[in-house]
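*Asks:* Pasting a structure here, questions to come.
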Amino acid sequence: MTTSLRSNWNYPTAIRFGAGRIAELAEACKSLGMQAPLIVTDPFLATQAMTKAALDQLTGNGLKAAIFSDVKPNPVETNVYRGLEALKAGKNDGVVAFGGGSALDAGKVIAFMAGQTRPMWDFEDIGDWWTRADPSGILPIVAVPTTAGTGSEVGRAGVITQEASHTKKVIFHPLMMPKIVICDPELTVGMPPHITAGTGLDALAHCIEAYCAPGYHPMADGIAVEGIRLVKEYLPRAYQDGKDIEARAQMMSAAAMGATAFQKGLGAIHALSHPTGALYDTHHGLTNAVFMPYVLAYNRRAIEERIERLAAYIGLQPSFQAFLDWVLKLRKDLGVPHTLEGLKVDGARFEEMSEMAPSDPTAGGNPVPITKESARKLFEDALVGRI
């Protein structure tokens, strides 16, 4: 049976999925009452034909649209503040977050902060800090992912680096969830293989960590398991042939599924990756991919039975070792470095990173507790390739 890869979903928000659906961008903005949307993207995408076409579509349909593109690959607070200045100067009344995870995160936080009077760090994802916000000031967001990895298009938070402390912080509010998501796999066709690999393995990390996180959330578990299967089946295809639209579409689904599932929790892959990215400015998805097997091995005593079931579902021998071997082979096939050395990360700041990792908000979701000592050992293992 052939299934059409085009649909409208209403979970976890309104998603318009399918090739060519970027043509609905202007209508989506208008349906949310926008008259002057601000496209938030990154410097590279700002120069690309797809972004110019999106801008032309908005202005051609009577919207007063503009582009803000001062967003780093790991967005920092200055990017948000400058985006707010651009938004207020242009009297924009909504945000089109357009791009990879960095642009999506920055765009969502800009839309959130547009109506707030308190400092951004007052809304870090700690306890009930989100209740400090004025919900009436949050601008509507249309999210348009152009990669298949972070799943930020279906998330209620944005990761922003605090420049003074070099720490990645999660800014959270339920209304940061985009009102409409346009998932058009044709927008990902131009991704080069190394970005396809890094973003795809980011989606895999989200699914694996959500599935392994302790606690009872069978809906998240089910979404995560199917997301992992899609990565297994389609990421190698997307990597080998960037124009394989079926593979691109299935990976776009897997990315959204990972971010939907990780409301259950993340874990040590991210807790190690966040300080590494903050201090060395490494690609987030690729960094997650490097840490993945080391963290799986560290967690083995707590997750082995779950991983056996997962391995069986995705067509492997039902054993932890078979799953770990698949992860290692997938990384190798996609050109992912086996150690931190491949990311140009040395051990010079391991002491600092080992302090940061257990304090990261994702650390609490790891099935085996993370301490400064265990984080240090994981960093050292990932540096020398010891699993």
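Please note that chains go A, B, ... in the order of the structure tokens, that every chain numbers its residues from 1, and that ligands are numbered from 1 in the order shown.
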Leaving out Gly33 (chain A) and any residue of its chain fewer than 5 positions from it, which residues lie within 12 Å of it when counting only C-alpha atoms, given as a list in words?
*Replies:*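 Skipping anything fewer than 5 positions along the chain leaves Ala26, Glu27, Ala28, Leu63, Asn92, Asp93, Gly94, Val95, Leu139, Pro140, Ile141, Val142 and Lys179 of chain A.
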*Asks:* Using DSSP on the backbone coordinates, identify the residues of region 165-233 of chain A assigned to strand (DSSP E or B); present them as a list in words.
*Replies:* Thr167, Lys168, Lys169, Val170, Ile171, Phe172, Ile180, Val181, Ile182 and Cys183 of chain A
*Asks:* I need the chosen residues saved as a short mmCIF file (atom, residue, chain, number, x, y, z; two decimals), in the first residue's frame, with C-alpha atoms.
*Replies:*
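After the write, out-v6.cif holds the following:
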data_model
loop_
_atom_site.label_atom_id
_atom_site.label_comp_id
_atom_site.auth_asym_id
_atom_site.auth_seq_id
_atom_site.Cartn_x
_atom_site.Cartn_y
_atom_site.Cartn_z
CA THR A 167 26.10 28.21 29.77
CA LYS A 168 23.23 26.97 27.62
CA LYS A 169 19.93 27.77 29.29
CA VAL A 170 16.43 26.63 28.40
CA ILE A 171 13.80 29.38 28.20
CA PHE A 172 10.34 27.86 28.57
CA ILE A 180 1.24 26.56 12.99
CA VAL A 181 4.10 24.43 11.68
CA ILE A 182 4.83 24.03 7.98
CA CYS A 183 6.88 20.87 7.44
#
*Asks:* Env of Tyr81 (chain A): 10 Å cut, atoms = only C-alpha atoms, seq-sep filter 3 positions within chain, self excluded. Answer as a list in words.
*Replies:*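 So the residues in contact are Val76, Glu77, Thr78, Leu84, Glu85, Ala86, Leu87, Ala106, Val109, Ile110, Met113, Ala114 and Met120 of chain A.
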*Asks:* What residues in region 94-225 of chain A get the DSSP label alpha helix (DSSP H)? Please answer as a VMD selection string.
*Replies:* chain A and resid 101 to 113 193 to 212 218 to 225
*Asks:* For Asp346 (chain A), which residue among A:Glu153, A:Asp281, A:Glu186, A:Glu380 is the nearest when counting only C-alpha atoms?
*Replies:*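 Of A:Glu153, A:Asp281, A:Glu186, A:Glu380, the one nearest Asp346 (chain A) is A:Glu380, counting only C-alpha atoms.
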*Asks:* So that I can see what lies close to Gly149 (chain A), please list as a list in words the residues with an atom at most 6 Å from it, counting only C-alpha atoms and leaving out residues fewer than 5 positions away in the same chain.
*Replies:*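 Residues meeting the cut-off are Thr199, Gly200, Asp202, Ala203 and Ala255 of chain A.
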*Asks:* I'd like the neighbourhood of Val368 (chain A) as JSON, numbers by chain, where a residue qualifies if any of its atoms comes within 12 Å (using only C-alpha atoms), though same-chain residues fewer than 2 positions away should be ignored.
*Replies:* {"A": [209, 212, 213, 214, 266, 267, 268, 269, 295, 296, 297, 298, 299, 300, 301, 302, 303, 358, 363, 364, 365, 366, 370, 371, 374, 375]}
*Asks:* Quick one: residues within 12 Å of Thr131 (chain A), only C-alpha atoms, excluding same-chain residues fewer than 2 positions away - as a PyMOL selection string?
*Replies:* chain A and resi 116+118+122-129+133-135+172-175
*Asks:* Need the shell around Asp221 (chain A): protein/DNA/RNA residues with any atom at most 8 Å away, counting only C-alpha atoms. Skip same-chain ones fewer than 4 positions apart. Format as a list of chain:residue names?
*Replies:* A:Ala210, A:Tyr211, A:His217, A:Val225, A:Ala261
*Asks:* Using only C-alpha atoms for the distances, tell me which of A:Ile15, A:Val231, A:Ala205, A:Ala322 is nearest to Val144 (chain A).
*Replies:*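 Counting only C-alpha atoms, the residue closest to Val144 (chain A) is A:Ile15.
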*Asks:* Nearest to Gly285 (chain A) among A:Leu5, A:Leu201, A:Ala357, A:Leu334, with distances taken over only C-alpha atoms: which residue is it?
*Replies:*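 Comparing A:Leu5, A:Leu201, A:Ala357, A:Leu334 against Gly285 (chain A), the winner is A:Leu201.
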*Asks:* In Å, how far is it from CA of Ile195 (chain A) to CA of Thr362 (chain A)?
*Replies:*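 About the pair CA of Ile195 (chain A) and CA of Thr362 (chain A): they are 23.6 Å apart.
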*Asks:* Could you tell me which of A:His270, A:Arg376, A:His194, A:Arg306 comes closest to Arg331 (chain A) if we count only C-alpha atoms?
*Replies:*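 Distance minimum relative to Arg331 (chain A) lands on A:His194.
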*Asks:* For Ala143 (chain A), which residue among A:Thr13, A:Thr196, A:Gln250, A:Gln162 is the nearest when counting only C-alpha atoms?
*Replies:*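 Counting only C-alpha atoms, the residue closest to Ala143 (chain A) is A:Thr13.
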